[in-house]
$ cat start-v3.txt   # compact mmCIF, C-alpha atoms and all ligand atoms
# COMPACT_ATOMS: atom_id res chain seq x y z
CA MET A 23 179.58 117.62 72.99
CA LEU A 24 179.93 120.15 75.81
CA ARG A 25 176.53 121.55 75.06
CA GLU A 26 175.09 118.13 74.93
CA ASN A 27 176.54 117.38 78.33
CA ILE A 28 175.13 120.53 79.88
CA GLN A 29 171.76 119.71 78.50
CA LEU A 30 172.00 116.21 79.82
CA ALA A 31 172.99 117.46 83.23
CA THR A 32 170.25 120.05 83.49
CA ARG A 33 167.57 117.89 82.05
CA ASP A 34 168.64 114.85 83.99
CA GLU A 35 168.19 112.64 80.99
CA SER A 36 171.77 111.44 81.11
CA PRO A 37 172.52 108.31 79.13
CA ALA A 38 174.45 105.61 80.87
CA GLY A 39 177.82 107.33 80.21
CA ALA A 40 176.97 110.40 82.28
CA ARG A 41 175.91 108.37 85.25
CA PHE A 42 178.16 106.50 87.62
CA PRO A 43 181.13 106.55 87.67
CA THR A 44 181.21 109.98 85.95
CA THR A 45 178.49 111.35 88.12
CA ARG A 46 179.08 110.90 91.84
CA MET A 47 176.53 112.50 94.14
CA ARG A 48 178.86 112.04 97.10
CA ARG A 49 181.33 114.63 95.70
CA MET A 50 179.19 117.47 97.02
CA ARG A 51 178.70 115.82 100.40
CA ARG A 52 182.42 115.45 101.12
CA THR A 53 182.92 118.34 103.57
CA GLU A 54 180.68 120.57 105.68
CA ASN A 55 181.56 123.61 103.57
CA LEU A 56 180.60 121.85 100.34
CA ARG A 57 177.35 120.73 101.94
CA ALA A 58 176.71 124.27 103.11
CA LEU A 59 177.16 125.64 99.59
CA ALA A 60 174.76 123.08 98.16
CA ARG A 61 172.15 123.33 100.90
CA GLU A 62 168.68 124.20 99.62
CA THR A 63 166.93 124.99 102.89
CA GLU A 64 168.37 126.77 105.89
CA LEU A 65 166.55 127.65 109.07
CA ASN A 66 167.10 130.91 110.87
CA ALA A 67 165.57 132.90 113.70
CA ARG A 68 163.49 134.93 111.24
CA ASP A 69 161.46 131.85 110.31
CA PHE A 70 159.86 131.45 113.70
CA VAL A 71 156.82 132.63 115.62
CA TYR A 72 156.77 131.71 119.32
CA PRO A 73 153.41 130.79 120.94
CA LEU A 74 152.81 131.93 124.54
CA PHE A 75 150.15 131.14 127.16
CA ILE A 76 149.19 134.07 129.37
CA VAL A 77 147.37 133.84 132.70
CA HIS A 78 146.08 136.41 135.17
CA GLY A 79 148.12 137.30 138.25
CA THR A 80 151.64 138.41 139.01
CA ASN A 81 154.88 136.50 139.13
CA VAL A 82 153.26 133.36 137.72
CA ARG A 83 155.51 131.04 135.72
CA GLU A 84 154.21 127.49 135.85
CA GLU A 85 155.44 124.78 133.56
CA ILE A 86 152.71 123.02 131.58
CA SER A 87 153.10 119.36 132.52
CA SER A 88 152.22 118.00 129.07
CA MET A 89 154.60 120.47 127.39
CA PRO A 90 157.95 120.60 129.22
CA GLY A 91 159.71 123.94 128.65
CA VAL A 92 156.42 125.78 127.95
CA TYR A 93 154.87 127.92 130.68
CA HIS A 94 151.74 129.64 131.88
CA GLU A 95 152.96 133.19 132.46
CA SER A 96 151.43 136.29 133.97
CA PRO A 97 151.80 139.64 132.14
CA ASP A 98 154.75 140.81 134.28
CA VAL A 99 156.66 137.61 133.49
CA LEU A 100 155.64 138.00 129.85
CA ALA A 101 157.57 141.30 129.77
CA ARG A 102 160.82 139.44 130.49
CA GLU A 103 159.88 136.77 127.98
CA ILE A 104 159.42 139.39 125.27
CA GLU A 105 162.89 140.81 125.96
CA GLU A 106 164.36 137.34 125.56
CA VAL A 107 162.45 136.54 122.37
CA SER A 108 163.42 139.91 120.88
CA ALA A 109 167.10 139.47 121.78
CA LEU A 110 167.08 136.14 119.96
CA GLY A 111 165.88 137.80 116.75
CA ILE A 112 162.56 135.96 116.64
CA PRO A 113 160.21 138.29 114.71
CA GLY A 114 156.88 137.41 116.28
CA VAL A 115 154.85 135.80 119.05
CA LEU A 116 151.38 134.23 119.05
CA LEU A 117 149.34 134.88 122.18
CA PHE A 118 146.86 132.55 123.85
CA GLY A 119 144.99 133.60 126.98
CA LEU A 120 143.50 131.73 129.90
CA PRO A 121 140.57 133.80 131.18
CA ALA A 122 139.65 134.35 134.82
CA ARG A 123 136.12 133.11 134.12
CA LYS A 124 134.42 131.14 131.38
CA ASP A 125 130.79 131.51 130.32
CA GLU A 126 128.41 130.48 127.54
CA VAL A 127 129.39 133.38 125.29
CA GLY A 128 133.09 133.66 126.14
CA SER A 129 132.81 137.19 127.52
CA GLU A 130 136.49 137.67 128.33
CA ASP A 131 137.42 136.89 124.73
CA TYR A 132 136.44 140.40 123.58
CA ASP A 133 136.86 142.28 126.87
CA GLU A 134 139.06 145.37 126.58
CA HIS A 135 140.77 144.25 129.80
CA GLY A 136 140.83 140.55 128.99
CA ILE A 137 144.03 138.63 129.50
CA VAL A 138 145.08 138.65 125.84
CA GLN A 139 144.30 142.35 125.45
CA GLU A 140 146.50 143.12 128.49
CA ALA A 141 149.23 140.83 127.18
CA ILE A 142 149.25 142.58 123.79
CA ARG A 143 149.86 145.91 125.52
CA VAL A 144 152.75 144.42 127.52
CA CYS A 145 154.39 143.06 124.35
CA LYS A 146 154.04 146.37 122.53
CA ARG A 147 155.40 148.32 125.51
CA VAL A 148 158.52 146.14 125.75
CA ASN A 149 159.18 145.92 122.00
CA PRO A 150 156.91 147.83 119.62
CA ALA A 151 158.64 146.22 116.63
CA LEU A 152 157.86 142.65 117.66
CA ILE A 153 154.97 141.25 115.63
CA VAL A 154 152.16 140.39 118.01
CA MET A 155 149.77 137.77 116.67
CA THR A 156 146.67 136.60 118.48
CA ASP A 157 144.63 133.43 118.19
CA VAL A 158 141.01 134.41 117.53
CA CYS A 159 138.79 131.61 118.80
CA MET A 160 136.32 131.01 121.61
CA CYS A 161 137.23 127.61 123.06
CA GLN A 162 139.41 128.90 125.91
CA TYR A 163 136.69 131.33 126.93
CA THR A 164 133.48 129.32 126.71
CA SER A 165 132.19 127.12 129.53
CA HIS A 166 131.40 124.37 127.02
CA GLY A 167 134.87 124.54 125.45
CA HIS A 168 133.65 124.83 121.86
CA CYS A 169 135.07 127.31 119.37
CA GLY A 170 131.75 129.11 118.92
CA ILE A 171 128.30 129.86 120.26
CA VAL A 172 126.28 126.75 121.08
CA ARG A 173 122.56 126.51 120.16
CA ASP A 174 120.66 123.29 120.78
CA GLY A 175 123.86 121.32 121.14
CA MET A 176 125.23 122.59 117.81
CA ILE A 177 127.81 125.28 117.11
CA ASP A 178 125.98 128.16 115.44
CA ASN A 179 128.26 129.29 112.62
CA ASP A 180 126.73 132.64 111.69
CA GLU A 181 126.10 133.77 115.26
CA THR A 182 129.72 132.97 116.12
CA LEU A 183 131.01 135.26 113.36
CA ARG A 184 129.81 138.32 115.24
CA TYR A 185 131.76 137.28 118.35
CA LEU A 186 134.90 136.51 116.38
CA GLY A 187 134.66 139.95 114.79
CA MET A 188 134.36 141.63 118.19
CA THR A 189 137.32 139.62 119.51
CA ALA A 190 139.53 140.53 116.54
CA VAL A 191 138.62 144.22 116.90
CA SER A 192 139.46 144.16 120.62
CA HIS A 193 142.85 142.62 119.86
CA ALA A 194 143.55 145.19 117.15
CA ALA A 195 142.51 148.00 119.49
CA ALA A 196 145.01 146.73 122.08
CA GLY A 197 147.75 146.81 119.43
CA ALA A 198 147.87 143.37 117.76
CA ASP A 199 149.56 143.39 114.37
CA VAL A 200 148.06 140.13 113.15
CA VAL A 201 144.88 138.31 114.12
CA ALA A 202 144.71 134.58 113.46
CA PRO A 203 141.19 133.17 113.35
CA SER A 204 141.27 129.48 114.29
CA ALA A 205 137.62 128.67 115.03
CA MET A 206 137.04 127.12 111.57
CA MET A 207 133.69 128.84 111.14
CA ASP A 208 132.68 129.42 107.51
CA GLY A 209 133.01 133.06 106.57
CA GLN A 210 135.16 133.97 109.58
CA VAL A 211 137.92 135.66 107.60
CA GLY A 212 135.48 137.87 105.72
CA ALA A 213 133.54 138.72 108.88
CA ILE A 214 136.75 139.66 110.71
CA ARG A 215 138.08 141.74 107.79
CA ALA A 216 134.79 143.63 107.64
CA ALA A 217 134.70 144.19 111.42
CA LEU A 218 138.31 145.43 111.49
CA ASP A 219 137.83 147.77 108.54
CA ALA A 220 134.59 149.17 109.98
CA GLN A 221 136.54 150.22 113.09
CA GLY A 222 139.44 151.69 111.11
CA PHE A 223 141.88 148.80 111.66
CA THR A 224 142.67 148.51 107.98
CA ASP A 225 146.34 147.68 108.64
CA THR A 226 145.70 144.76 110.95
CA ALA A 227 146.63 141.62 109.00
CA ILE A 228 144.82 138.30 109.03
CA LEU A 229 146.65 135.00 109.27
CA ALA A 230 143.94 132.48 108.43
CA TYR A 231 144.11 129.04 109.97
CA ALA A 232 142.93 128.02 106.52
CA SER A 233 143.41 124.28 106.70
CA LYS A 234 143.07 123.32 110.31
CA TYR A 235 142.48 119.64 110.82
CA ALA A 236 140.53 117.91 113.59
CA SER A 237 143.77 116.50 114.96
CA SER A 238 144.77 114.47 118.01
CA PHE A 239 148.10 116.31 117.85
CA TYR A 240 146.40 119.15 119.79
CA GLY A 241 146.13 116.95 122.89
CA PRO A 242 148.79 118.66 125.04
CA PHE A 243 147.52 122.13 124.02
CA ARG A 244 144.11 121.45 125.48
CA GLU A 245 145.76 121.08 128.86
CA ALA A 246 147.88 124.19 128.21
CA ALA A 247 144.87 126.27 127.22
CA ASP A 248 142.34 124.45 129.37
CA SER A 249 140.10 124.20 126.33
CA PRO A 250 138.79 120.65 125.81
CA PRO A 251 135.21 120.54 124.52
CA GLN A 252 132.84 119.50 127.32
CA PHE A 253 130.69 117.50 124.90
CA GLY A 254 131.42 115.98 121.51
CA ASP A 255 134.50 116.94 119.56
CA ARG A 256 135.49 119.46 116.88
CA ARG A 257 134.89 117.34 113.79
CA GLN A 258 131.85 119.38 112.76
CA TYR A 259 134.05 122.37 112.08
CA GLN A 260 137.69 121.28 111.81
CA MET A 261 138.83 119.34 108.74
CA ASP A 262 138.96 115.60 108.25
CA PRO A 263 142.64 114.49 108.34
CA ALA A 264 141.92 112.25 105.36
CA ASN A 265 141.31 115.20 103.00
CA ALA A 266 143.88 117.09 100.95
CA ARG A 267 141.91 118.61 98.05
CA GLU A 268 139.52 120.12 100.58
CA ALA A 269 142.47 122.06 102.05
CA LEU A 270 142.88 123.85 98.74
CA ARG A 271 139.20 124.84 98.74
CA GLU A 272 139.41 126.09 102.33
CA THR A 273 142.53 128.08 101.50
CA ALA A 274 141.06 129.57 98.32
CA LEU A 275 137.95 130.69 100.23
CA ASP A 276 140.02 132.35 102.99
CA ILE A 277 142.08 134.18 100.39
CA ALA A 278 138.91 135.34 98.63
CA GLU A 279 137.62 136.61 101.99
CA GLY A 280 140.76 138.69 102.52
CA ALA A 281 143.39 136.55 104.27
CA ASP A 282 146.90 138.04 104.13
CA MET A 283 148.61 134.77 105.05
CA VAL A 284 147.37 131.20 105.19
CA MET A 285 148.21 128.44 107.61
CA VAL A 286 148.40 124.68 107.55
CA LYS A 287 147.94 123.00 110.92
CA PRO A 288 149.29 120.61 112.17
CA ALA A 289 152.58 120.58 110.25
CA LEU A 290 154.57 117.38 110.60
CA ALA A 291 151.95 114.88 109.48
CA TYR A 292 150.66 117.38 106.90
CA LEU A 293 153.78 118.21 104.86
CA ASP A 294 151.92 117.22 101.70
CA ILE A 295 149.30 119.88 102.48
CA ILE A 296 151.97 122.53 103.07
CA HIS A 297 153.53 121.61 99.75
CA ARG A 298 150.23 121.70 97.86
CA VAL A 299 149.17 125.01 99.38
CA ARG A 300 152.61 126.45 98.59
CA ASP A 301 152.31 125.33 94.97
CA ALA A 302 148.74 126.51 94.50
CA PHE A 303 148.90 130.00 96.08
CA ASP A 304 151.27 132.95 96.22
CA LEU A 305 150.48 134.22 99.73
CA PRO A 306 152.87 133.67 102.63
CA VAL A 307 152.30 130.19 104.05
CA ALA A 308 152.55 129.49 107.77
CA ALA A 309 152.80 126.04 109.33
CA TYR A 310 151.91 125.30 112.94
CA ASN A 311 154.25 122.76 114.54
CA VAL A 312 151.62 121.96 117.19
CA SER A 313 151.74 120.84 120.80
CA GLY A 314 151.63 117.09 120.13
CA GLU A 315 154.49 117.34 117.67
CA TYR A 316 156.51 119.14 120.34
CA SER A 317 155.60 116.88 123.25
CA MET A 318 156.37 113.67 121.34
CA VAL A 319 159.93 114.86 120.76
CA LYS A 320 160.29 116.00 124.38
CA ALA A 321 159.05 112.68 125.74
CA ALA A 322 161.28 110.59 123.49
CA ALA A 323 164.28 112.78 124.30
CA ARG A 324 163.67 112.41 128.04
CA ASN A 325 163.75 108.68 127.60
CA GLY A 326 167.02 108.94 125.74
CA TRP A 327 165.42 107.53 122.60
CA LEU A 328 166.01 110.54 120.36
CA ASP A 329 168.42 113.47 120.23
CA GLU A 330 166.06 116.38 120.91
CA GLN A 331 168.16 119.04 119.22
CA LYS A 332 168.83 117.10 116.04
CA ILE A 333 165.27 115.82 115.73
CA ALA A 334 163.70 119.22 116.32
CA LEU A 335 165.93 120.93 113.76
CA GLU A 336 165.31 118.13 111.25
CA ILE A 337 161.54 118.48 111.68
CA LEU A 338 161.64 122.27 111.38
CA THR A 339 163.87 122.06 108.30
CA ALA A 340 161.44 119.58 106.73
CA ILE A 341 158.51 121.92 107.39
CA LYS A 342 160.37 124.78 105.72
CA ARG A 343 161.51 122.52 102.83
CA ALA A 344 157.86 121.53 102.27
CA GLY A 345 157.12 125.20 101.60
CA ALA A 346 156.40 127.06 104.84
CA ASP A 347 157.52 130.70 104.94
CA MET A 348 157.07 130.83 108.70
CA ILE A 349 156.78 128.20 111.41
CA LEU A 350 154.83 128.62 114.62
CA THR A 351 156.72 126.45 117.07
CA TYR A 352 157.29 125.90 120.78
CA PHE A 353 160.89 125.06 119.82
CA ALA A 354 161.52 128.61 118.55
CA LYS A 355 163.77 129.85 121.37
CA ASP A 356 165.73 126.63 121.69
CA ALA A 357 166.05 126.28 117.93
CA VAL A 358 167.64 129.74 117.65
CA GLU A 359 170.18 128.80 120.34
CA TRP A 360 170.91 125.48 118.62
CA LEU A 361 171.35 127.15 115.24
CA LYS A 362 174.09 129.38 116.69
CA ARG A 363 176.26 126.35 117.45
C1 LIG B 1 142.06 126.98 119.34
C2 LIG B 1 143.39 126.40 119.04
C3 LIG B 1 143.87 125.09 119.22
C4 LIG B 1 145.22 125.13 118.87
C5 LIG B 1 145.51 126.41 118.45
N1 LIG B 1 144.36 127.18 118.55
C6 LIG B 1 143.21 123.89 119.77
C7 LIG B 1 142.10 123.27 119.09
O1 LIG B 1 141.65 123.68 118.02
O2 LIG B 1 141.58 122.30 119.64
C8 LIG B 1 146.21 123.99 118.95
C9 LIG B 1 147.64 124.38 119.09
C10 LIG B 1 148.55 123.29 119.49
O3 LIG B 1 148.17 122.11 119.62
O4 LIG B 1 149.75 123.60 119.70
N2 LIG B 1 140.99 126.50 118.63
$ encode --input "start-v3.txt" --output "structure tokens"
Amino acid sequence: MLRENIQLATRDESPAGARFPTTRMRRMRRTENLRALARETELNARDFVYPLFIVHGTNVREEISSMPGVYHESPDVLAREIEEVSALGIPGVLLFGLPARKDEVGSEDYDEHGIVQEAIRVCKRVNPALIVMTDVCMCQYTSHGHCGIVRDGMIDNDETLRYLGMTAVSHAAAGADVVAPSAMMDGQVGAIRAALDAQGFTDTAILAYASKYASSFYGPFREAADSPPQFGDRRQYQMDPANAREALRETALDIAEGADMVMVKPALAYLDIIHRVRDAFDLPVAAYNVSGEYSMVKAAARNGWLDEQKIALEILTAIKRAGADMILTYFAKDAVEWLKR
């Protein structure tokens, strides 16, 4: 009988007798300590990567109007930021740069003294142990705002690969631990791996933006990074939000090309994709809780419609529950403070 009961409980094939009133799910929800013991998913500081937007100049710290609490910062201000992030126990940052000048071929993207390259050196000087990740893409750097080289009004995939390779190498040379290609060019992970290895950067890891959707959730970011495309949109290279199986193909290709980690982006409206990628592959999975997901919560909280802290932690917990090993989020610093309470 005992054995039968155990089997019933584990297999969840309980006949009527083992259900209510014998089984009461509320028993384990009675007190906070019971809930804590039964909890399946718990956030902590080690789950987060904090994205930062770096600009030229000194003493610059300007709030991005579409993303309250997120700033454009110059390298000297970044140094203080890195101390703060490190003290909170957040293991990594993701750097985005706003160049001094934009041109057709995004020259500052792969300039040894470009804004991101300088920012990497600042991070590593302040805390060598902090994981410095960089976004490898061209849209912030090109005058046309597209993620690659434009030929006859089209984004030239294969030509762009060379530029992405140069950019990744320049980031690695400045000290980046992880490069994160987000241009959604075919073959970009393989091209970057080959470029890094050819220059001796065999230990620089690649976090592939494997399934990056053509999403309207990036709206606030385009103001933050000053990167809207000047013609057309990104649907020729980013994924159709309607597709899930295609995400598995994209991810498999990036892994075959040498990705060390794979990302799903955005996160909140794509929890099914996170879950499917988690189930299908064994690599670390990252999820990007993008600008629009952040700004929606901020706006609603400002109106008194939602409790910012509770909503943000619920969203982040859901992203982790779906299968993310790490979450790139603008809430990272606040979330760590909230989790201490
Ligand atoms: C660059 C890039 C974008 C984001 C990250 N890297 C914008 C885009 O693809 O249009 C979006 C991040 C966010 O919304 O927080 N290609």
$ atom_distance --input "start-v3.txt" --atom1 "atom CA of A:Met318" --atom2 "atom CA of A:Glu330"
10.1 Å
$ closest_atom_pairs --input "start-v3.txt" --of "chain A" --to "ligand LIG 1 (chain B)" --cutoff "7 Å" --atoms "only C-alpha atoms and all ligand atoms" --output "CSV"
residue,atom,partner,partner_atom,distance
A:Asp157,CA,B:LIG1,N1,6.3
A:Cys159,CA,B:LIG1,N2,5.6
A:Cys161,CA,B:LIG1,N2,5.9
A:Cys169,CA,B:LIG1,N2,6.0
A:Ser204,CA,B:LIG1,N2,5.3
A:Ala205,CA,B:LIG1,N2,5.4
A:Phe239,CA,B:LIG1,O3,6.1
A:Tyr240,CA,B:LIG1,O3,3.5
A:Gly241,CA,B:LIG1,O3,6.4
A:Pro242,CA,B:LIG1,O3,6.5
A:Phe243,CA,B:LIG1,O3,4.4
A:Arg244,CA,B:LIG1,C6,6.3
A:Pro250,CA,B:LIG1,O2,7.0
A:Asn311,CA,B:LIG1,O4,6.9
A:Val312,CA,B:LIG1,O4,3.5
A:Ser313,CA,B:LIG1,O4,3.6
A:Gly314,CA,B:LIG1,O3,6.1
$ residues_around --input "start-v3.txt" --residues "stretch 112-122 of chain A" --least-positions-apart "4" --cutoff "7 Å" --atoms "all atoms listed in the file" --output "PyMOL selection string"
chain A and resi 67-68+70-78+107-108+130+137-138+152-157+162-163+247
$ atom_distance --input "start-v3.txt" --atom1 "atom CA of A:Ala40" --atom2 "atom CA of A:Arg343"
28.4 Å
$ atom_distance --input "start-v3.txt" --atom1 "atom CA of A:Glu134" --atom2 "atom CA of A:His193"
8.2 Å
$ closest_residue --input "start-v3.txt" --among "A:Ser249, A:Ser192, A:Gln258, A:Ser237" --to "A:Gln221" --atoms "only C-alpha atoms"
A:Ser192
$ residues_near_point --input "start-v3.txt" --point "(151.6, 117.6, 100.1)" --cutoff "12 Å" --atoms "all atoms listed in the file" --output "number ranges by chain"
A: 265-267, 269-270, 286, 289-302, 341, 343-346
$ residues_around --input "start-v3.txt" --residues "A:Tyr316" --least-positions-apart "5" --cutoff "12 Å" --atoms "only C-alpha atoms" --output "ChimeraX atom specification"
/A:88-92,239-243,288-290,310-311,321-323,330-331,333-335,337-338,350-354,356
$ residues_around --input "start-v3.txt" --residues "stretch 85-87 of chain A" --least-positions-apart "6" --cutoff "7 Å" --atoms "only C-alpha atoms" --output "list in words"
Tyr93, His94 and Ala246 of chain A
$ closest_residue --input "start-v3.txt" --among "A:Pro43, A:Gly111, A:Pro97, A:Gly170" --to "A:Ser129" --atoms "only C-alpha atoms"
A:Gly170
$ residues_around --input "start-v3.txt" --residues "A:Thr189" --least-positions-apart "6" --cutoff "8 Å" --atoms "all atoms listed in the file" --output "list of chain:residue names"
A:Asp131, A:Tyr132, A:Asp133, A:Val158
$ closest_residue --input "start-v3.txt" --among "A:Arg215, A:Arg57, A:His166, A:Lys146" --to "A:Arg184" --atoms "all atoms listed in the file"
A:Arg215
$ closest_residue --input "start-v3.txt" --among "A:Ala141, A:Ala109, A:Ser238, A:Val358" --to "A:Ser96" --atoms "only C-alpha atoms"
A:Ala141
$ closest_residue --input "start-v3.txt" --among "A:Tyr235, A:Met50, A:Leu65, A:Ala101" --to "A:Thr80" --atoms "only C-alpha atoms"
A:Ala101
$ axis_aligned_box --input "start-v3.txt" --around "stretch 208-222 of chain A" --padding-each-side "4 Å" --output "JSON"
{"center_x": 136.1, "center_y": 140.6, "center_z": 109.4, "size_x": 14.8, "size_y": 30.3, "size_z": 15.4}
